[in-house]
Amino acid sequence: MDYKNSVAAKIKEHVELELEAIEKLIEIPPKPEMGDYAFPCFQFAKTFRKAPNMIAAELAEKINKEGFEKIEALGPYVNFFMDKGTFVKATIDKVLSEGDKYGASEIGKGKNVTIDYSSPNIAKPFHVGHLFSTAIGNSLYKMLSFEGYNCVGINHLGDWGTQFGKLIAAYKRWADEDALQKEPIKELLRIYVKFHDEAEKDPALEDEGRMYFKKLEDGSKEEVELWEKFKNLSLKEFDKVYETLGVKFDSYAGESFYNDKMDAVVKDIEDKGLLVESNGAKVVMMEEENMPPCIIKKADGATIYATRDLAAAFYRKNNYDFYKSIYVVGSDQSLHFKQVFKVIEKMGYDWAEKCKHVGFGLIRFADRKLSTRRGQVIFLEDLLNEAVGKTREVIEEKNPELENKEDVAKKVGIGAVIFTYLKNRREKDIVFKWDEMLNFEGETGPYVQYTYARGKSILRRAGEVSGEADFSKLTSKEEFELVKVLGGFNEEILDAIDKLEPSIVTRYTIEVAKAFNKFYNAHNIMATEELEVKNARLKMVEATCQVIKNALSLLGIEVVEKM
Ligand code: ARG
């Protein structure tokens, strides 16, 4: 049962407002003595020509109290106290009967959402920054799908641009074929960095790079084959990362995919009278918007990143007829997306407002300096291996007898990393501190996973639950608080979707774990004397595990049965 719903329904019988508007007004009181929900009456003062306190008193008087412990006025508020037993039973029944679907809805039915995420660059490392986009995008994908939206996950690979001409030049001079097969990205990065070093001494190299890119653009066989080779080698490496993380895409249409789709967009921009010449380049002016001009074609006629993003936006609109088009890309690209969306708006397409840039901050490490010098990046693969290794050490120390240690270390270690990425508001920078993120008692992934495993261990010890369960007795503070948290899952997901902010659900998993641990510490479940109460408590444990599992899975984190 959704209590907020029934509160709203009761109010609706007496005021002239839509159900939705009433739900928006309903508040959660700051103190439990003030009830579970409160309805403020200020806004009716004008229509009823009465003081809000009076209105609240009259409303409380008139409202049908069925299903509630009490409903009473306090100042300008009507406070609702749920009937705890009914609520506890209804919530736990709902969680257990819906299982893996608990928290889901059909709210997004018939709405398509494209999500552009991860989108690493070919021949470059998949670095710690790309996991930010990957984790947020993957999680939004899961949440939106869970709520009935039809999602299209797009990996907008950086697979085009002048750098590929340079890479071909570097390849022809310095590539070590063996190294390329063994560690492709490291080798491609090595020769790319070497190209830049050498080009400083010999600027003619730059011309060579440009020459090769021209050949590539013109479809010259040898260059195209090399480019494909780099792309395939890179994709194989990226796929390993995606496999480890359990991340999937519906489309790998990268930048090169739009090569033959840009002319039409550029022509449309021109036809709308927006394309102007500036220093030889073709641009769209954005003075009124206080932004620098958006370059569409460079002086040499070449298109750029923005041109490809414009073509991609139109392609997505035409192919997927999206309700929303989401771009999960670092906040350092926020100007780029503002410009791209503005160009679309200036062209007269009102769907520009359905395009959303979901930005995020930077990543730093407490124990090392992340130098931005060329070639010095932290490979995600190394970070994940380190996380798994450190988790293995913790397990070795805490629970050396554990079976499947390797599997647990993997799920918990990688889970800890993802959790760290998704824990705070995405615009905030992240500072990685290993002891903090692997702490089983902090606000961490391992803490939430440990809570799940603890619940599962109780259930294993209890064995098959037989006989009645009496939920009406689970009304202690800790029990009621836990069930309230469990009951609020769907609302948290909807809020996370609304704000495109997975951290809302991450925080929620911490709330569930905390509420569960309070309950667990206050009541000795296995020693409960009355069988119906013990059974009810076990059901509550089962429901908690179910909610943790569902919530973590929306973040892309797996649970383990023992740890
Ligand atoms: N490849 C880019 C990078 O690594 C991100 C691409 C994001 N998506 C887009 N449609 N521009 O920074």
# chains A, B, ... in the order shown; residues from 1 in each chain; ligands from 1

call {"tool": "residues_near_ligand", "arguments": {"ligand": "ligand 1", "cutoff": "8 Å", "atoms": "only C-alpha atoms and all ligand atoms", "output": "PyMOL selection string"}}
result
chain A and resi 116-121+130+155-158+305-306+309+312+327-330+333+337

call {"tool": "write_last_selection", "arguments": {"atoms": "N, CA, C and O atoms", "output": "short mmCIF file (atom, residue, chain, number, x, y, z; two decimals), in the first residue's frame"}}
result
data_model
loop_
_atom_site.label_atom_id
_atom_site.label_comp_id
_atom_site.auth_asym_id
_atom_site.auth_seq_id
_atom_site.Cartn_x
_atom_site.Cartn_y
_atom_site.Cartn_z
N ASP A 116 23.53 8.64 -23.92
CA ASP A 116 24.88 8.63 -24.49
C ASP A 116 25.83 8.55 -23.29
O ASP A 116 25.87 9.46 -22.48
N TYR A 117 26.52 7.44 -23.14
CA TYR A 117 27.40 7.31 -21.98
C TYR A 117 28.64 6.48 -22.29
O TYR A 117 28.70 5.80 -23.29
N SER A 118 29.59 6.61 -21.41
CA SER A 118 30.90 5.97 -21.52
C SER A 118 31.72 6.64 -22.62
O SER A 118 32.63 7.40 -22.34
N SER A 119 31.39 6.35 -23.89
CA SER A 119 31.96 7.04 -25.05
C SER A 119 33.46 7.35 -24.97
O SER A 119 33.86 8.52 -25.07
N PRO A 120 34.30 6.33 -24.79
CA PRO A 120 35.75 6.58 -24.75
C PRO A 120 36.30 6.84 -26.14
O PRO A 120 35.57 6.74 -27.14
N ASN A 121 37.56 7.19 -26.20
CA ASN A 121 38.19 7.49 -27.48
C ASN A 121 39.06 6.32 -27.93
O ASN A 121 39.83 5.76 -27.14
N HIS A 130 36.33 7.98 -17.53
CA HIS A 130 35.29 7.32 -18.32
C HIS A 130 34.38 6.44 -17.47
O HIS A 130 33.24 6.18 -17.82
N ASN A 155 26.97 4.22 -27.16
CA ASN A 155 28.38 4.47 -26.91
C ASN A 155 28.90 5.33 -28.07
O ASN A 155 29.20 4.81 -29.14
N HIS A 156 28.97 6.62 -27.84
CA HIS A 156 29.37 7.58 -28.88
C HIS A 156 30.91 7.59 -28.95
O HIS A 156 31.56 8.53 -28.50
N LEU A 157 31.46 6.53 -29.49
CA LEU A 157 32.92 6.36 -29.52
C LEU A 157 33.62 7.53 -30.20
O LEU A 157 33.16 8.03 -31.24
N GLY A 158 34.73 7.95 -29.61
CA GLY A 158 35.55 8.97 -30.25
C GLY A 158 36.43 8.28 -31.28
O GLY A 158 37.56 7.93 -30.99
N TYR A 305 34.13 18.07 -33.72
CA TYR A 305 33.35 17.38 -32.68
C TYR A 305 31.90 17.89 -32.61
O TYR A 305 30.96 17.09 -32.59
N ALA A 306 31.74 19.21 -32.60
CA ALA A 306 30.39 19.79 -32.48
C ALA A 306 29.52 19.44 -33.69
O ALA A 306 28.32 19.15 -33.54
N ASP A 309 28.31 16.06 -33.25
CA ASP A 309 27.27 15.97 -32.22
C ASP A 309 25.93 16.51 -32.74
O ASP A 309 24.87 16.00 -32.36
N ALA A 312 24.53 13.81 -34.79
CA ALA A 312 24.08 12.73 -33.91
C ALA A 312 22.73 13.07 -33.27
O ALA A 312 21.84 12.23 -33.18
N TYR A 327 22.93 13.07 -22.31
CA TYR A 327 24.36 12.97 -22.60
C TYR A 327 25.12 12.95 -21.28
O TYR A 327 25.16 13.97 -20.59
N VAL A 328 25.70 11.82 -20.93
CA VAL A 328 26.45 11.74 -19.69
C VAL A 328 27.93 12.00 -20.00
O VAL A 328 28.65 11.10 -20.43
N VAL A 329 28.33 13.22 -19.83
CA VAL A 329 29.69 13.65 -20.20
C VAL A 329 30.19 14.65 -19.15
O VAL A 329 29.39 15.42 -18.61
N GLY A 330 31.47 14.62 -18.88
CA GLY A 330 32.06 15.50 -17.86
C GLY A 330 31.61 16.94 -17.96
O GLY A 330 31.34 17.46 -19.05
N GLN A 333 32.69 19.71 -20.41
CA GLN A 333 32.15 19.88 -21.76
C GLN A 333 30.80 20.60 -21.76
O GLN A 333 30.03 20.52 -22.72
N PHE A 337 27.99 21.41 -24.97
CA PHE A 337 26.60 20.96 -25.09
C PHE A 337 25.61 22.13 -25.11
O PHE A 337 24.62 22.10 -25.83
#

call {"tool": "closest_atom_pairs", "arguments": {"of": "region 255-353 of chain A", "to": "region 95-108 of chain A", "cutoff": "12 Å", "atoms": "only C-alpha atoms", "output": "Markdown table"}}
result
| residue | atom | partner | partner_atom | distance |
| --- | --- | --- | --- | --- |
| A:Phe322 | CA | A:Gly108 | CA | 11.9 |
| A:Tyr323 | CA | A:Gly108 | CA | 9.6 |
| A:Lys324 | CA | A:Gly108 | CA | 11.1 |

call {"tool": "closest_residue", "arguments": {"among": "A:Gly85, A:Val431, A:Leu474, A:Phe39", "to": "Ile71 (chain A)", "atoms": "only C-alpha atoms"}}
result
A:Phe39

call {"tool": "closest_atom_pairs", "arguments": {"of": "region 188-232 of chain A", "to": "region 168-177 of chain A", "cutoff": "9 Å", "atoms": "only C-alpha atoms", "output": "JSON lines"}}
result
{"residue": "A:Leu188", "atom": "CA", "partner": "A:Ala175", "partner_atom": "CA", "distance": 7.8}
{"residue": "A:Arg190", "atom": "CA", "partner": "A:Ala175", "partner_atom": "CA", "distance": 8.8}
{"residue": "A:Ile191", "atom": "CA", "partner": "A:Ala170", "partner_atom": "CA", "distance": 5.7}
{"residue": "A:Tyr192", "atom": "CA", "partner": "A:Ala170", "partner_atom": "CA", "distance": 6.4}
{"residue": "A:Lys194", "atom": "CA", "partner": "A:Ala170", "partner_atom": "CA", "distance": 7.6}
{"residue": "A:Phe195", "atom": "CA", "partner": "A:Ala170", "partner_atom": "CA", "distance": 5.7}
{"residue": "A:Leu205", "atom": "CA", "partner": "A:Ala169", "partner_atom": "CA", "distance": 7.8}
{"residue": "A:Glu208", "atom": "CA", "partner": "A:Ala169", "partner_atom": "CA", "distance": 6.6}
{"residue": "A:Gly209", "atom": "CA", "partner": "A:Ala169", "partner_atom": "CA", "distance": 5.7}
{"residue": "A:Tyr212", "atom": "CA", "partner": "A:Ile168", "partner_atom": "CA", "distance": 6.8}
{"residue": "A:Phe213", "atom": "CA", "partner": "A:Ile168", "partner_atom": "CA", "distance": 8.2}
{"residue": "A:Glu223", "atom": "CA", "partner": "A:Ile168", "partner_atom": "CA", "distance": 7.2}
{"residue": "A:Leu226", "atom": "CA", "partner": "A:Ile168", "partner_atom": "CA", "distance": 7.1}
{"residue": "A:Trp227", "atom": "CA", "partner": "A:Ile168", "partner_atom": "CA", "distance": 7.6}

call {"tool": "select_by_dssp", "arguments": {"residues": "region 346-545 of chain A", "states": "strand (DSSP E or B)", "output": "MDAnalysis selection string"}}
result
chainID A and resid 355:358 363:365 368 379 430:432

call {"tool": "write_last_selection", "arguments": {"atoms": "N, CA, C and O atoms", "output": "mmCIF file, in the first residue's frame"}}
result
data_model
loop_
_atom_site.group_PDB
_atom_site.id
_atom_site.type_symbol
_atom_site.label_atom_id
_atom_site.label_comp_id
_atom_site.auth_asym_id
_atom_site.auth_seq_id
_atom_site.Cartn_x
_atom_site.Cartn_y
_atom_site.Cartn_z
ATOM 1 N N CYS A 355 16.916 17.730 -24.879
ATOM 2 C CA CYS A 355 18.305 17.274 -24.804
ATOM 3 C C CYS A 355 18.908 17.732 -23.482
ATOM 4 O O CYS A 355 18.845 18.915 -23.153
ATOM 5 N N LYS A 356 19.458 16.804 -22.752
ATOM 6 C CA LYS A 356 19.978 17.137 -21.421
ATOM 7 C C LYS A 356 21.422 16.688 -21.270
ATOM 8 O O LYS A 356 21.747 15.523 -21.493
ATOM 9 N N HIS A 357 22.260 17.629 -20.884
ATOM 10 C CA HIS A 357 23.636 17.254 -20.549
ATOM 11 C C HIS A 357 23.694 16.906 -19.070
ATOM 12 O O HIS A 357 23.345 17.704 -18.215
ATOM 13 N N VAL A 358 24.099 15.688 -18.779
ATOM 14 C CA VAL A 358 24.253 15.244 -17.394
ATOM 15 C C VAL A 358 25.741 15.288 -17.078
ATOM 16 O O VAL A 358 26.495 14.405 -17.479
ATOM 17 N N ILE A 363 38.096 13.441 -10.934
ATOM 18 C CA ILE A 363 38.519 12.405 -10.000
ATOM 19 C C ILE A 363 39.939 12.667 -9.541
ATOM 20 O O ILE A 363 40.820 12.934 -10.351
ATOM 21 N N ARG A 364 40.107 12.618 -8.249
ATOM 22 C CA ARG A 364 41.457 12.775 -7.707
ATOM 23 C C ARG A 364 41.758 11.620 -6.774
ATOM 24 O O ARG A 364 40.859 10.944 -6.292
ATOM 25 N N PHE A 365 43.036 11.410 -6.538
ATOM 26 C CA PHE A 365 43.442 10.335 -5.639
ATOM 27 C C PHE A 365 44.198 10.932 -4.472
ATOM 28 O O PHE A 365 45.091 11.750 -4.654
ATOM 29 N N ARG A 368 48.039 9.765 -4.561
ATOM 30 C CA ARG A 368 48.978 10.020 -5.662
ATOM 31 C C ARG A 368 48.508 11.202 -6.487
ATOM 32 O O ARG A 368 47.328 11.521 -6.532
ATOM 33 N N PHE A 379 44.777 4.075 -15.887
ATOM 34 C CA PHE A 379 43.925 3.142 -16.610
ATOM 35 C C PHE A 379 42.899 2.567 -15.650
ATOM 36 O O PHE A 379 43.240 2.171 -14.534
ATOM 37 N N ILE A 430 35.478 13.795 -7.045
ATOM 38 C CA ILE A 430 35.647 12.630 -6.177
ATOM 39 C C ILE A 430 37.096 12.550 -5.733
ATOM 40 O O ILE A 430 38.001 12.702 -6.546
ATOM 41 N N VAL A 431 37.314 12.326 -4.460
ATOM 42 C CA VAL A 431 38.667 12.053 -3.988
ATOM 43 C C VAL A 431 38.699 10.594 -3.537
ATOM 44 O O VAL A 431 37.978 10.199 -2.628
ATOM 45 N N PHE A 432 39.499 9.810 -4.212
ATOM 46 C CA PHE A 432 39.603 8.389 -3.881
ATOM 47 C C PHE A 432 40.483 8.174 -2.666
ATOM 48 O O PHE A 432 41.648 8.563 -2.653
#

call {"tool": "closest_residue", "arguments": {"among": "A:Ser139, A:Tyr508, A:Leu144, A:Lys10", "to": "Tyr421 (chain A)", "atoms": "only C-alpha atoms"}}
result
A:Ser139

call {"tool": "residues_around", "arguments": {"residues": "Val343 (chain A)", "least_positions_apart": "3", "cutoff": "10 Å", "atoms": "only C-alpha atoms", "output": "count of residues only"}}
result
16

call {"tool": "atom_distance", "arguments": {"atom1": "CA of Gly361 (chain A)", "atom2": "CA of Ser331 (chain A)"}}
result
6.1 Å

call {"tool": "residues_around", "arguments": {"residues": "Glu501 (chain A)", "least_positions_apart": "4", "cutoff": "7 Å", "atoms": "only C-alpha atoms", "output": "ChimeraX atom specification"}}
result
/A:425-426,496-497

call {"tool": "residues_around", "arguments": {"residues": "Ala281 (chain A)", "least_positions_apart": "3", "cutoff": "12 Å", "atoms": "only C-alpha atoms", "output": "ChimeraX atom specification"}}
result
/A:275-278,284-285,293-304

call {"tool": "residues_around", "arguments": {"residues": "region 240-253 of chain A", "least_positions_apart": "4", "cutoff": "8 Å", "atoms": "only C-alpha atoms", "output": "MDAnalysis selection string"}}
result
chainID A and resid 134 138 152:157 236 257 381 414 556
